[in-house]
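Text of the file target-v3.cif, holding mmCIF, C-alpha atoms:
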data_structure
loop_
_atom_site.label_atom_id
_atom_site.label_comp_id
_atom_site.auth_asym_id
_atom_site.auth_seq_id
_atom_site.Cartn_x
_atom_site.Cartn_y
_atom_site.Cartn_z
CA MET A 1 -65.18 35.84 -25.25
CA THR A 2 -67.68 34.57 -22.70
CA GLU A 3 -71.45 34.67 -22.71
CA LEU A 4 -74.56 34.60 -20.56
CA ARG A 5 -77.70 32.85 -21.81
CA VAL A 6 -81.12 33.62 -20.32
CA THR A 7 -84.58 32.65 -21.57
CA PRO A 8 -87.16 34.97 -19.97
CA ASP A 9 -90.41 33.08 -19.39
CA LYS A 10 -93.84 34.23 -20.51
CA TYR A 11 -94.55 36.15 -17.29
CA LEU A 12 -91.10 37.69 -16.82
CA PRO A 13 -92.22 41.10 -18.18
CA HIS A 14 -95.03 41.14 -15.60
CA ARG A 15 -92.66 40.38 -12.76
CA TYR A 16 -90.17 42.97 -14.03
CA ALA A 17 -93.01 45.51 -14.35
CA GLY A 18 -93.87 44.96 -10.70
CA ALA A 19 -90.24 45.06 -9.60
CA SER A 20 -89.39 48.19 -11.58
CA GLY A 21 -92.71 50.04 -11.54
CA ASP A 22 -92.82 50.28 -15.36
CA PHE A 23 -96.29 49.05 -16.35
CA ASN A 24 -96.25 50.35 -19.94
CA PRO A 25 -98.81 48.04 -21.62
CA ILE A 26 -96.47 47.24 -24.52
CA HIS A 27 -94.59 45.07 -22.01
CA ILE A 28 -97.48 43.23 -20.36
CA ASP A 29 -100.43 43.23 -22.77
CA THR A 30 -100.01 41.32 -26.02
CA GLU A 31 -103.26 42.64 -27.53
CA PHE A 32 -102.20 46.22 -26.85
CA ALA A 33 -98.72 45.55 -28.23
CA GLN A 34 -100.20 44.11 -31.43
CA GLN A 35 -102.51 47.11 -31.81
CA VAL A 36 -99.42 49.34 -31.95
CA GLY A 37 -97.71 47.15 -34.51
CA LEU A 38 -95.53 44.91 -32.37
CA PRO A 39 -95.46 41.12 -32.78
CA ARG A 40 -96.39 40.60 -29.11
CA ASN A 41 -95.57 42.10 -25.71
CA ILE A 42 -91.90 43.04 -25.58
CA LEU A 43 -89.23 42.94 -22.90
CA HIS A 44 -88.34 46.08 -20.99
CA GLY A 45 -85.10 47.49 -22.39
CA LEU A 46 -83.86 48.13 -18.87
CA TYR A 47 -84.44 44.44 -18.04
CA SER A 48 -82.18 43.48 -20.93
CA MET A 49 -79.69 46.07 -19.67
CA ALA A 50 -79.81 44.41 -16.23
CA LEU A 51 -78.86 41.09 -17.86
CA VAL A 52 -75.99 42.87 -19.63
CA ALA A 53 -74.93 44.25 -16.23
CA ARG A 54 -74.90 40.69 -14.84
CA ALA A 55 -72.87 39.45 -17.80
CA ALA A 56 -70.39 42.32 -17.42
CA ASN A 57 -69.90 41.76 -13.71
CA THR A 58 -69.17 38.04 -13.64
CA ASP A 59 -68.42 37.72 -9.92
CA GLY A 60 -71.75 39.34 -8.98
CA ASP A 61 -70.30 41.76 -6.39
CA PRO A 62 -72.45 44.88 -6.77
CA ARG A 63 -69.45 47.09 -5.92
CA ALA A 64 -67.49 45.86 -8.93
CA LEU A 65 -69.52 47.58 -11.66
CA ARG A 66 -68.37 51.18 -12.07
CA ARG A 67 -69.98 52.15 -15.37
CA LEU A 68 -72.29 50.61 -17.97
CA SER A 69 -73.55 52.25 -21.14
CA VAL A 70 -75.81 50.60 -23.73
CA GLN A 71 -77.66 51.35 -26.92
CA PHE A 72 -81.09 49.77 -27.30
CA ARG A 73 -81.84 48.33 -30.72
CA GLY A 74 -84.33 45.63 -31.77
CA MET A 75 -87.22 44.62 -29.52
CA GLY A 76 -86.65 41.71 -27.16
CA VAL A 77 -89.47 39.23 -26.57
CA PRO A 78 -90.28 36.69 -23.84
CA GLU A 79 -89.81 32.94 -24.37
CA GLU A 80 -86.79 33.31 -26.65
CA GLU A 81 -83.23 32.83 -25.50
CA ILE A 82 -81.12 35.97 -25.01
CA VAL A 83 -77.41 35.50 -25.63
CA ILE A 84 -75.13 38.14 -24.14
CA THR A 85 -71.59 38.11 -25.42
CA ARG A 86 -68.77 39.64 -23.42
CA ASN A 87 -65.33 40.61 -24.64
CA GLU A 88 -62.76 42.22 -22.38
CA ARG A 89 -60.41 44.58 -24.23
CA ASP A 90 -56.74 45.02 -23.39
CA ASP A 91 -57.54 48.36 -21.75
CA GLY A 92 -59.92 46.58 -19.35
CA VAL A 93 -63.15 47.93 -20.88
CA VAL A 94 -65.70 45.16 -21.36
CA GLU A 95 -67.66 45.20 -24.63
CA LEU A 96 -71.03 43.46 -24.66
CA GLU A 97 -73.95 42.74 -26.95
CA ALA A 98 -77.33 41.08 -26.37
CA ALA A 99 -79.20 39.23 -29.11
CA GLN A 100 -82.16 36.94 -29.69
CA GLY A 101 -81.36 34.88 -32.76
CA ASP A 102 -80.37 37.40 -35.44
CA THR A 103 -82.03 40.33 -33.63
CA LYS A 104 -79.63 42.47 -31.67
CA ILE A 105 -81.47 43.96 -28.73
CA ILE A 106 -78.51 45.76 -27.13
CA ARG A 107 -75.52 46.96 -29.08
CA ASN A 108 -72.29 48.78 -28.32
CA ALA A 109 -72.51 48.15 -24.60
CA GLU A 110 -69.43 49.12 -22.62
CA ALA A 111 -68.69 48.33 -18.99
CA GLU A 112 -65.92 49.38 -16.64
CA LEU A 113 -65.19 47.30 -13.58
CA ARG A 114 -63.39 48.18 -10.38
CA ALA A 115 -60.38 46.04 -9.59
CA MET B 116 -85.40 81.11 -53.24
CA THR B 117 -81.73 80.80 -52.55
CA MET B 118 -82.03 80.10 -48.88
CA SER B 119 -80.54 76.82 -47.81
CA VAL B 120 -83.13 74.67 -46.16
CA ARG B 121 -81.03 71.50 -45.91
CA GLY B 122 -83.69 69.23 -47.31
CA ARG B 123 -86.59 70.25 -45.13
CA ALA B 124 -89.46 70.52 -47.59
CA LYS B 125 -91.83 72.25 -45.22
CA ALA B 126 -89.46 75.14 -44.70
CA ALA B 127 -88.88 75.40 -48.44
CA GLU B 128 -92.60 75.87 -48.95
CA ARG B 129 -92.48 79.00 -46.82
CA PRO B 130 -90.04 81.23 -48.69
CA GLY B 131 -88.49 83.99 -46.69
CA THR B 132 -88.75 82.20 -43.36
CA LEU B 133 -86.03 80.30 -41.56
CA PRO B 134 -86.21 76.52 -41.67
CA ALA B 135 -88.57 75.21 -39.03
CA VAL B 136 -86.74 74.08 -35.92
CA ALA B 137 -88.43 70.80 -35.18
CA VAL B 138 -87.11 70.27 -31.67
CA LYS B 139 -87.58 72.77 -28.88
CA THR B 140 -84.28 73.47 -27.18
CA GLY B 141 -85.56 75.96 -24.61
CA ALA B 142 -85.73 73.37 -21.82
CA ILE B 143 -81.99 72.56 -21.92
CA GLY B 144 -80.63 73.08 -18.43
CA LYS B 145 -84.04 72.81 -16.79
CA THR B 146 -84.19 70.77 -13.57
CA TYR B 147 -87.08 69.21 -11.68
CA PRO B 148 -87.79 69.00 -7.94
CA PRO B 149 -85.72 66.35 -6.09
CA PHE B 150 -87.35 62.91 -5.87
CA ALA B 151 -86.80 60.88 -2.69
CA TYR B 152 -87.08 57.08 -2.51
CA GLU B 153 -86.68 54.95 0.61
CA VAL B 154 -85.10 51.60 -0.22
CA GLY B 155 -86.74 48.50 1.26
CA LYS B 156 -85.20 45.06 1.81
CA GLU B 157 -88.05 43.14 0.15
CA LYS B 158 -88.08 45.54 -2.83
CA ILE B 159 -84.40 44.78 -3.40
CA ALA B 160 -85.17 41.04 -3.21
CA GLU B 161 -88.12 41.38 -5.63
CA TYR B 162 -85.97 43.27 -8.13
CA ALA B 163 -83.02 40.88 -7.78
CA ARG B 164 -85.31 37.87 -8.39
CA ALA B 165 -86.81 39.53 -11.50
CA ILE B 166 -83.39 40.02 -13.10
CA GLY B 167 -81.99 36.68 -11.94
CA ALA B 168 -79.31 38.12 -9.61
CA GLU B 169 -78.59 35.29 -7.18
CA ASN B 170 -75.87 36.67 -4.89
CA PRO B 171 -77.15 36.22 -1.28
CA VAL B 172 -76.06 39.81 -0.48
CA HIS B 173 -79.31 40.90 -2.23
CA PHE B 174 -81.51 38.75 0.03
CA ASP B 175 -79.80 37.96 3.30
CA ARG B 176 -78.76 40.59 5.86
CA ASP B 177 -76.07 38.42 7.44
CA ALA B 178 -74.54 37.58 4.05
CA ALA B 179 -74.55 41.27 3.11
CA ARG B 180 -72.90 42.34 6.38
CA GLU B 181 -70.35 39.56 6.11
CA ALA B 182 -69.46 40.88 2.67
CA GLY B 183 -68.89 44.35 4.14
CA PHE B 184 -72.20 46.07 3.30
CA ARG B 185 -74.20 48.09 5.83
CA ASP B 186 -77.34 46.06 5.01
CA VAL B 187 -78.91 44.02 2.19
CA VAL B 188 -77.49 45.63 -0.95
CA ALA B 189 -79.23 46.45 -4.24
CA PRO B 190 -77.99 45.14 -7.61
CA PRO B 191 -76.47 48.08 -9.56
CA MET B 192 -79.37 48.26 -12.04
CA PHE B 193 -81.79 48.80 -9.12
CA ALA B 194 -80.86 52.41 -9.96
CA VAL B 195 -83.86 52.46 -12.31
CA VAL B 196 -86.20 51.77 -9.39
CA TYR B 197 -85.18 54.76 -7.28
CA SER B 198 -84.27 57.22 -10.04
CA SER B 199 -86.91 56.80 -12.76
CA GLY B 200 -89.43 58.72 -10.64
CA SER B 201 -87.15 61.71 -11.02
CA VAL B 202 -86.71 61.36 -14.78
CA ALA B 203 -90.41 60.92 -15.61
CA PRO B 204 -91.44 64.57 -15.03
CA GLY B 205 -88.83 65.66 -17.57
CA ILE B 206 -89.97 63.12 -20.12
CA PHE B 207 -93.59 64.30 -19.70
CA ASP B 208 -92.75 68.02 -19.58
CA PRO B 209 -94.57 69.88 -22.41
CA GLU B 210 -91.70 72.36 -22.46
CA VAL B 211 -89.41 69.47 -23.51
CA GLY B 212 -92.08 68.41 -26.00
CA ILE B 213 -91.42 64.71 -26.51
CA ASP B 214 -93.89 62.98 -28.87
CA PHE B 215 -94.58 59.69 -27.07
CA ALA B 216 -96.18 58.02 -30.06
CA THR B 217 -92.80 57.69 -31.73
CA MET B 218 -90.46 57.78 -28.73
CA VAL B 219 -88.01 54.97 -28.04
CA HIS B 220 -85.48 54.60 -25.25
CA GLY B 221 -82.35 54.83 -27.36
CA GLY B 222 -79.54 54.59 -24.85
CA GLN B 223 -78.70 54.48 -21.20
CA GLU B 224 -75.62 54.95 -19.09
CA PHE B 225 -75.07 54.61 -15.37
CA VAL B 226 -71.96 55.45 -13.38
CA TRP B 227 -72.11 53.98 -9.89
CA GLY B 228 -70.61 55.25 -6.65
CA GLU B 229 -71.49 54.23 -3.08
CA PRO B 230 -73.59 51.00 -2.96
CA VAL B 231 -77.30 51.35 -2.13
CA VAL B 232 -78.60 49.29 0.79
CA SER B 233 -81.91 48.66 2.51
CA GLY B 234 -82.93 51.65 4.62
CA ASP B 235 -81.13 54.22 2.47
CA VAL B 236 -83.06 57.28 1.36
CA ILE B 237 -81.97 58.12 -2.17
CA THR B 238 -82.66 61.58 -3.55
CA THR B 239 -82.47 62.10 -7.30
CA THR B 240 -82.42 65.29 -9.30
CA THR B 241 -82.81 65.32 -13.08
CA GLU B 242 -81.67 67.90 -15.60
CA VAL B 243 -82.49 68.25 -19.29
CA LYS B 244 -78.95 67.83 -20.56
CA ASP B 245 -79.46 68.23 -24.29
CA VAL B 246 -82.10 68.40 -27.00
CA SER B 247 -80.92 68.08 -30.57
CA GLU B 248 -81.93 66.93 -34.00
CA LYS B 249 -80.06 64.72 -36.43
CA ALA B 250 -81.35 63.16 -39.65
CA GLY B 251 -84.99 63.82 -38.78
CA LYS B 252 -84.70 62.32 -35.32
CA GLY B 253 -84.97 64.22 -32.06
CA PHE B 254 -82.53 63.30 -29.29
CA TYR B 255 -83.61 64.14 -25.73
CA VAL B 256 -80.93 63.56 -23.12
CA PHE B 257 -81.61 63.68 -19.38
CA GLU B 258 -79.05 63.40 -16.60
CA SER B 259 -80.07 62.14 -13.17
CA VAL B 260 -77.85 62.38 -10.11
CA SER B 261 -78.75 60.28 -7.07
CA THR B 262 -77.30 60.70 -3.60
CA ASN B 263 -77.91 58.88 -0.32
CA GLN B 264 -78.89 60.32 3.06
CA ASP B 265 -75.21 61.02 3.83
CA GLY B 266 -74.75 63.06 0.65
CA GLN B 267 -72.69 60.37 -1.12
CA GLU B 268 -73.34 60.02 -4.84
CA VAL B 269 -74.72 56.54 -5.57
CA VAL B 270 -75.38 56.80 -9.31
CA ARG B 271 -75.35 59.22 -12.21
CA GLY B 272 -77.64 58.27 -15.09
CA THR B 273 -77.73 59.50 -18.68
CA TRP B 274 -81.06 58.70 -20.36
CA THR B 275 -81.33 59.17 -24.13
CA ASN B 276 -84.77 59.12 -25.73
CA ILE B 277 -85.15 59.24 -29.48
CA VAL B 278 -88.19 60.49 -31.38
CA ARG B 279 -88.53 59.66 -35.06
CA GLY B 280 -89.75 62.15 -37.61
CA VAL B 281 -89.53 65.39 -35.67
#
What is this structure when it is put down as structure tokens?
Amino acid sequence: MTELRVTPDKYLPHRYAGASGDFNPIHIDTEFAQQVGLPRNILHGLYSMALVARAANTDGDPRALRRLSVQFRGMGVPEEEIVITRNERDDGVVELEAAQGDTKIIRNAEAELRA
Amino acid sequence: MTMSVRGRAKAAERPGTLPAVAVKTGAIGKTYPPFAYEVGKEKIAEYARAIGAENPVHFDRDAAREAGFRDVVAPPMFAVVYSSGSVAPGIFDPEVGIDFATMVHGGQEFVWGEPVVSGDVITTTTEVKDVSEKAGKGFYVFESVSTNQDGQEVVRGTWTNIVRGV
């Protein structure tokens, strides 16, 4: 079992919005997010998935990742540490999970790597 | 009435009719026009910085070529940058009928092929793969297939959106 720890800063969702093109206000506008019942602006799920992809592919060679599937669960928020756990099964499939404290933000992630 | 309505109260209130089908399945199999995206070196770098990918192959042409890539190479999850423009029309298609107020992105899968590098033109086509209902939730599944200018498949994405209370 290995893990990757990342604490996205306050403005990470804004940078990710620019990088990805997803400017949904729930990610970049705390007032808007609170109006729709969220505690504050939330992380993009696909940003969290990108961290899971990094954790899966430990050597960072973009050719090595063949497949990644995830289920999105709780909402991730900026300024709290994300812990991604990684467990490689005997059959080579890598199982991963991302959490902030007790809140699981990605569950049942599975990755396959190329040798 | 003796008709089974499997717990859907609204249908039970209309005796003699079939239970209301809450999700529209008519769009299954529908595809949208191909979406083309030209990959830029600085866009790759911007994306890589945002996700904290530090491998120099995402920033430096010489490092990328030394590692065997044709040019500066995108992190795998850059797939969302060039393919989401193809998926959006399906998500917003009235024929699919997603209720955005209660939609969440439930799951995502990517299967990667040929690496994507700066200068590539990636063309993505999206299909409505499945629309179904389970326990009062609607499941809308889209499949995107992205190929480069040489016809090589670079990624296949499966996008699952879930709508509560359909």
Residue nearest Val256 in chain B - candidates B:Gly221, B:Gly200, B:Gly280, B:Pro149, atoms counted: all atoms listed in the file: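 Of all the options, B:Gly221 lies closest to Val256 in chain B.
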At a cut-off of 6 Å, list the chain A residues touching chain B, using only C-alpha atoms, as a PyMOL selection string. chain A and resi 16+19-20+50+62+66-72
Gap from CA of Asp90 in chain A to CA of Arg54 in chain A - Å, one decimal: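 Separation of CA of Asp90 in chain A and CA of Arg54 in chain A: 20.5 Å.
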Would you work out the distance separating CA of Gly45 in chain A from CA of Ala151 in chain B, expressed in Å to one decimal?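 Here the two named atoms are 23.9 Å from each other.
From CA of Lys249 in chain B back to CA of Ile42 in chain A, the distance works out to 27.0 Å.
Selection check: the PyMOL selection byres ((chain B and resi 263) around 7) on the shown file gives Asp235, Val236, Ile237, Thr238, Ser261, Thr262, Gln264, Asp265, Gly266, Gln267, Glu268 and Val269 of chain B.
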Please enumerate the residues selected by the PyMOL selection byres ((chain B and resi 203-213) around 9) when evaluated against the supplied file, formatted as a PyMOL selection string. chain B and resi 138-143+145-147+199-202+214-218+241-243+246+253+255+257+276-278
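For the file shown, the residue list from the PyMOL selection byres ((chain A and resi 92-104) around 8) reads A:Ser48, A:Val52, A:Ala56, A:Arg73, A:Gly74, A:Met75, A:Gly76, A:Glu80, A:Glu81, A:Ile82, A:Val83, A:Ile84, A:Thr85, A:Arg86, A:Asn87, A:Glu88, A:Arg89, A:Asp90, A:Asp91, A:Ile105, A:Ile106, A:Arg107, A:Asn108, A:Ala109, A:Glu110, A:Ala111, A:Glu112, A:Leu113.
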With only C-alpha atoms as the atoms that count, which of A:Leu51, A:Thr58, A:Leu43, A:Arg114 lies nearest to Tyr11 in chain A? A:Leu43
Do you know which residues are at most 10 Å from range 34-41 of chain A counting only C-alpha atoms, after dropping those on the same chain fewer than 5 positions away, and could you put them as a list in words?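 Result of the neighbour search: Lys10, Pro13, Pro25, Ile26, His27, Ile28, Asp29, Met75, Gly76, Val77 and Pro78 of chain A; Ala216 of chain B.
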Find the residue from A:Glu79, A:Asp59, A:Asp22, A:Asp9 that sits nearest to His44 in chain A; use all atoms listed in the file when measuring.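 Ranking A:Glu79, A:Asp59, A:Asp22, A:Asp9 by distance to His44 in chain A, first place goes to A:Asp22.
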Return as JSON the box centre and box size in Å, one decimal, for an axis-aligned box around all listed atoms of range 26-32 of chain A padded by 6 Å per side.
{"center_x": -98.9, "center_y": 44.3, "center_z": -23.9, "size_x": 20.7, "size_y": 17.9, "size_z": 19.2}
